[in-house]
Amino acid sequence: MRLVLLGAPGSGKGTQGGVLAAHFGVPHVSSGELLRDHVATDTELGRQVRAYLERGDLVPDELVLDVVGDAIVAASQYGGYVLDGFPRTLAQAQRAFDRAARAGETADAVIYLDVPDDVARARLGLREEADRTDDADESAVERRLEVFHAETLPLLSFYGERGVLVPIDAVQPQAAVTAAILESLEALDTR
Ligand code: ADP
């Protein structure tokens, strides 16, 4: 199973990503987590990306593609992946799609976790103690929401045109969101 999770910060990508990866027995690849690990261990890449993460800006494509590309290749040995946080711009989506298409390995479904901005803000506010400086900083939260609208929302039509988009109402409780995703995936399967 190859899944991509799209959604605003606070939409539940990380939570659902973990649950879905366990359900399908494939690795959960979170671009944000990979980048935060580099920052935490103070690698060369970590030093290059730290300021972007703190501001809530996107990290330049080249840096993200490197780290996520390696993780996807590694994950493919396990029969797929749940990708969370990547792609996030049309340029990233196009590059990832071209590369995957050459290998005959494009995503089976792209799940859009749909939440209004005020719900996203409220959830990020609750997450503050979880040690993410970009959740604790109001201007970084606003910047991430702004970037999501400007850069990531256009991916809905990109994947919609390719027939793989699965929109999900993500304002429901966590288990209900998971159930809705699994139900939609079954429906896709029997099309
Ligand atoms: P959220 O969706 O809650 O903002 P993520 O963990 O997905 O959390 O991302 C955190 C930060 O990591 C982003 O604000 C951005 O700086 C960086 N990042 C993650 N994925 C990407 C990506 N695909 N392209 C560019 N930057 C990214």
# chains A, B, ... in the order shown; residues from 1 in each chain; ligands from 1
call {"tool": "residues_near_ligand", "arguments": {"ligand": "ligand 1", "cutoff": "8 Å", "atoms": "only C-alpha atoms and all ligand atoms", "output": "number ranges by chain"}}
result
A: 7-11, 13-14, 30-33, 35-36, 49, 52-61, 64-65, 84-89, 92, 124, 134-135, 140-141, 144-145
call {"tool": "atom_distance", "arguments": {"atom1": "atom CA of A:Val68", "atom2": "atom CA of A:Ala93"}}
result
12.4 Å
call {"tool": "atom_distance", "arguments": {"atom1": "atom CA of A:Phe97", "atom2": "atom CA of A:Asp117"}}
result
27.9 Å
call {"tool": "closest_residue", "arguments": {"among": "A:Arg102, A:Thr152, A:Gly12, A:Pro167", "to": "A:Arg127", "atoms": "only C-alpha atoms"}}
result
A:Gly12
call {"tool": "atom_distance", "arguments": {"atom1": "atom CA of A:Tyr81", "atom2": "atom CA of A:Pro27"}}
result
5.0 Å
call {"tool": "closest_residue", "arguments": {"among": "A:His28, A:Ala51, A:Arg143, A:Val110", "to": "A:Glu161", "atoms": "only C-alpha atoms"}}
result
A:Val110
call {"tool": "residues_around", "arguments": {"residues": "A:Thr106", "least_positions_apart": "4", "cutoff": "8 Å", "atoms": "only C-alpha atoms", "output": "JSON, numbers by chain"}}
result
{"A": [2, 97, 100, 101]}
call {"tool": "select_by_dssp", "arguments": {"residues": "chain A", "states": "alpha helix (DSSP H)", "output": "PyMOL selection string"}}
result
chain A and resi 13-24+31-40+44-55+61-76+90-102+117-127+133-136+138-147+155-161+174-189
call {"tool": "decode", "arguments": {"residues": "stretch 33-67 of chain A", "atoms": "N, CA and C atoms", "output": "PDB file, in the first residue's frame"}}
result
ATOM      1  N   GLU A  33       9.166  14.949  10.597  1.00  0.00           N
ATOM      2  CA  GLU A  33       9.915  14.225  11.627  1.00  0.00           C
ATOM      3  C   GLU A  33      11.352  13.981  11.194  1.00  0.00           C
ATOM      4  N   LEU A  34      11.537  13.614   9.933  1.00  0.00           N
ATOM      5  CA  LEU A  34      12.890  13.380   9.437  1.00  0.00           C
ATOM      6  C   LEU A  34      13.723  14.657   9.585  1.00  0.00           C
ATOM      7  N   LEU A  35      13.099  15.786   9.213  1.00  0.00           N
ATOM      8  CA  LEU A  35      13.829  17.061   9.305  1.00  0.00           C
ATOM      9  C   LEU A  35      14.101  17.420  10.765  1.00  0.00           C
ATOM     10  N   ARG A  36      13.097  17.239  11.629  1.00  0.00           N
ATOM     11  CA  ARG A  36      13.301  17.552  13.061  1.00  0.00           C
ATOM     12  C   ARG A  36      14.380  16.676  13.679  1.00  0.00           C
ATOM     13  N   ASP A  37      14.476  15.408  13.250  1.00  0.00           N
ATOM     14  CA  ASP A  37      15.546  14.534  13.740  1.00  0.00           C
ATOM     15  C   ASP A  37      16.918  15.098  13.370  1.00  0.00           C
ATOM     16  N   HIS A  38      17.029  15.599  12.157  1.00  0.00           N
ATOM     17  CA  HIS A  38      18.314  16.188  11.738  1.00  0.00           C
ATOM     18  C   HIS A  38      18.654  17.412  12.586  1.00  0.00           C
ATOM     19  N   VAL A  39      17.623  18.221  12.887  1.00  0.00           N
ATOM     20  CA  VAL A  39      17.867  19.403  13.725  1.00  0.00           C
ATOM     21  C   VAL A  39      18.291  18.952  15.126  1.00  0.00           C
ATOM     22  N   ALA A  40      17.579  17.965  15.669  1.00  0.00           N
ATOM     23  CA  ALA A  40      17.850  17.519  17.041  1.00  0.00           C
ATOM     24  C   ALA A  40      19.250  16.929  17.173  1.00  0.00           C
ATOM     25  N   THR A  41      19.717  16.249  16.135  1.00  0.00           N
ATOM     26  CA  THR A  41      21.044  15.626  16.228  1.00  0.00           C
ATOM     27  C   THR A  41      22.122  16.531  15.623  1.00  0.00           C
ATOM     28  N   ASP A  42      21.693  17.732  15.225  1.00  0.00           N
ATOM     29  CA  ASP A  42      22.634  18.755  14.769  1.00  0.00           C
ATOM     30  C   ASP A  42      23.531  18.287  13.615  1.00  0.00           C
ATOM     31  N   THR A  43      22.905  17.652  12.626  1.00  0.00           N
ATOM     32  CA  THR A  43      23.664  17.256  11.428  1.00  0.00           C
ATOM     33  C   THR A  43      23.861  18.492  10.549  1.00  0.00           C
ATOM     34  N   GLU A  44      24.650  18.325   9.514  1.00  0.00           N
ATOM     35  CA  GLU A  44      24.865  19.395   8.527  1.00  0.00           C
ATOM     36  C   GLU A  44      23.507  19.845   7.944  1.00  0.00           C
ATOM     37  N   LEU A  45      22.689  18.867   7.549  1.00  0.00           N
ATOM     38  CA  LEU A  45      21.358  19.194   7.026  1.00  0.00           C
ATOM     39  C   LEU A  45      20.514  19.893   8.098  1.00  0.00           C
ATOM     40  N   GLY A  46      20.602  19.389   9.323  1.00  0.00           N
ATOM     41  CA  GLY A  46      19.859  19.992  10.430  1.00  0.00           C
ATOM     42  C   GLY A  46      20.189  21.470  10.585  1.00  0.00           C
ATOM     43  N   ARG A  47      21.457  21.793  10.453  1.00  0.00           N
ATOM     44  CA  ARG A  47      21.866  23.204  10.589  1.00  0.00           C
ATOM     45  C   ARG A  47      21.325  24.039   9.435  1.00  0.00           C
ATOM     46  N   GLN A  48      21.214  23.407   8.251  1.00  0.00           N
ATOM     47  CA  GLN A  48      20.700  24.145   7.089  1.00  0.00           C
ATOM     48  C   GLN A  48      19.193  24.397   7.171  1.00  0.00           C
ATOM     49  N   VAL A  49      18.458  23.496   7.826  1.00  0.00           N
ATOM     50  CA  VAL A  49      17.002  23.608   7.773  1.00  0.00           C
ATOM     51  C   VAL A  49      16.367  24.232   9.021  1.00  0.00           C
ATOM     52  N   ARG A  50      17.136  24.305  10.095  1.00  0.00           N
ATOM     53  CA  ARG A  50      16.581  24.725  11.392  1.00  0.00           C
ATOM     54  C   ARG A  50      15.737  26.007  11.324  1.00  0.00           C
ATOM     55  N   ALA A  51      16.277  27.046  10.700  1.00  0.00           N
ATOM     56  CA  ALA A  51      15.597  28.342  10.696  1.00  0.00           C
ATOM     57  C   ALA A  51      14.273  28.272   9.935  1.00  0.00           C
ATOM     58  N   TYR A  52      14.234  27.485   8.853  1.00  0.00           N
ATOM     59  CA  TYR A  52      12.982  27.347   8.095  1.00  0.00           C
ATOM     60  C   TYR A  52      11.897  26.743   8.989  1.00  0.00           C
ATOM     61  N   LEU A  53      12.249  25.663   9.700  1.00  0.00           N
ATOM     62  CA  LEU A  53      11.277  24.998  10.564  1.00  0.00           C
ATOM     63  C   LEU A  53      10.783  25.946  11.648  1.00  0.00           C
ATOM     64  N   GLU A  54      11.710  26.690  12.234  1.00  0.00           N
ATOM     65  CA  GLU A  54      11.317  27.585  13.330  1.00  0.00           C
ATOM     66  C   GLU A  54      10.355  28.666  12.850  1.00  0.00           C
ATOM     67  N   ARG A  55      10.551  29.145  11.618  1.00  0.00           N
ATOM     68  CA  ARG A  55       9.685  30.208  11.091  1.00  0.00           C
ATOM     69  C   ARG A  55       8.367  29.665  10.558  1.00  0.00           C
ATOM     70  N   GLY A  56       8.318  28.356  10.267  1.00  0.00           N
ATOM     71  CA  GLY A  56       7.125  27.801   9.625  1.00  0.00           C
ATOM     72  C   GLY A  56       7.180  27.921   8.119  1.00  0.00           C
ATOM     73  N   ASP A  57       8.367  28.176   7.591  1.00  0.00           N
ATOM     74  CA  ASP A  57       8.555  28.236   6.138  1.00  0.00           C
ATOM     75  C   ASP A  57       8.889  26.861   5.594  1.00  0.00           C
ATOM     76  N   LEU A  58       8.645  26.658   4.304  1.00  0.00           N
ATOM     77  CA  LEU A  58       9.039  25.402   3.681  1.00  0.00           C
ATOM     78  C   LEU A  58      10.551  25.350   3.545  1.00  0.00           C
ATOM     79  N   VAL A  59      11.080  24.165   3.733  1.00  0.00           N
ATOM     80  CA  VAL A  59      12.497  23.913   3.503  1.00  0.00           C
ATOM     81  C   VAL A  59      12.686  23.801   1.986  1.00  0.00           C
ATOM     82  N   PRO A  60      13.794  24.302   1.433  1.00  0.00           N
ATOM     83  CA  PRO A  60      13.981  24.228  -0.022  1.00  0.00           C
ATOM     84  C   PRO A  60      13.851  22.783  -0.549  1.00  0.00           C
ATOM     85  N   ASP A  61      13.229  22.670  -1.736  1.00  0.00           N
ATOM     86  CA  ASP A  61      12.936  21.353  -2.314  1.00  0.00           C
ATOM     87  C   ASP A  61      14.124  20.397  -2.327  1.00  0.00           C
ATOM     88  N   GLU A  62      15.289  20.901  -2.742  1.00  0.00           N
ATOM     89  CA  GLU A  62      16.448  20.014  -2.895  1.00  0.00           C
ATOM     90  C   GLU A  62      16.757  19.273  -1.603  1.00  0.00           C
ATOM     91  N   LEU A  63      16.672  20.012  -0.490  1.00  0.00           N
ATOM     92  CA  LEU A  63      17.021  19.427   0.807  1.00  0.00           C
ATOM     93  C   LEU A  63      15.984  18.387   1.229  1.00  0.00           C
ATOM     94  N   VAL A  64      14.710  18.717   0.976  1.00  0.00           N
ATOM     95  CA  VAL A  64      13.638  17.794   1.362  1.00  0.00           C
ATOM     96  C   VAL A  64      13.667  16.548   0.485  1.00  0.00           C
ATOM     97  N   LEU A  65      13.854  16.756  -0.816  1.00  0.00           N
ATOM     98  CA  LEU A  65      13.813  15.630  -1.754  1.00  0.00           C
ATOM     99  C   LEU A  65      14.879  14.600  -1.423  1.00  0.00           C
ATOM    100  N   ASP A  66      16.031  15.073  -1.018  1.00  0.00           N
ATOM    101  CA  ASP A  66      17.127  14.173  -0.649  1.00  0.00           C
ATOM    102  C   ASP A  66      16.734  13.247   0.485  1.00  0.00           C
ATOM    103  N   VAL A  67      16.288  13.881   1.577  1.00  0.00           N
ATOM    104  CA  VAL A  67      16.050  13.115   2.792  1.00  0.00           C
ATOM    105  C   VAL A  67      14.801  12.233   2.644  1.00  0.00           C
TER     106      VAL A  67
END
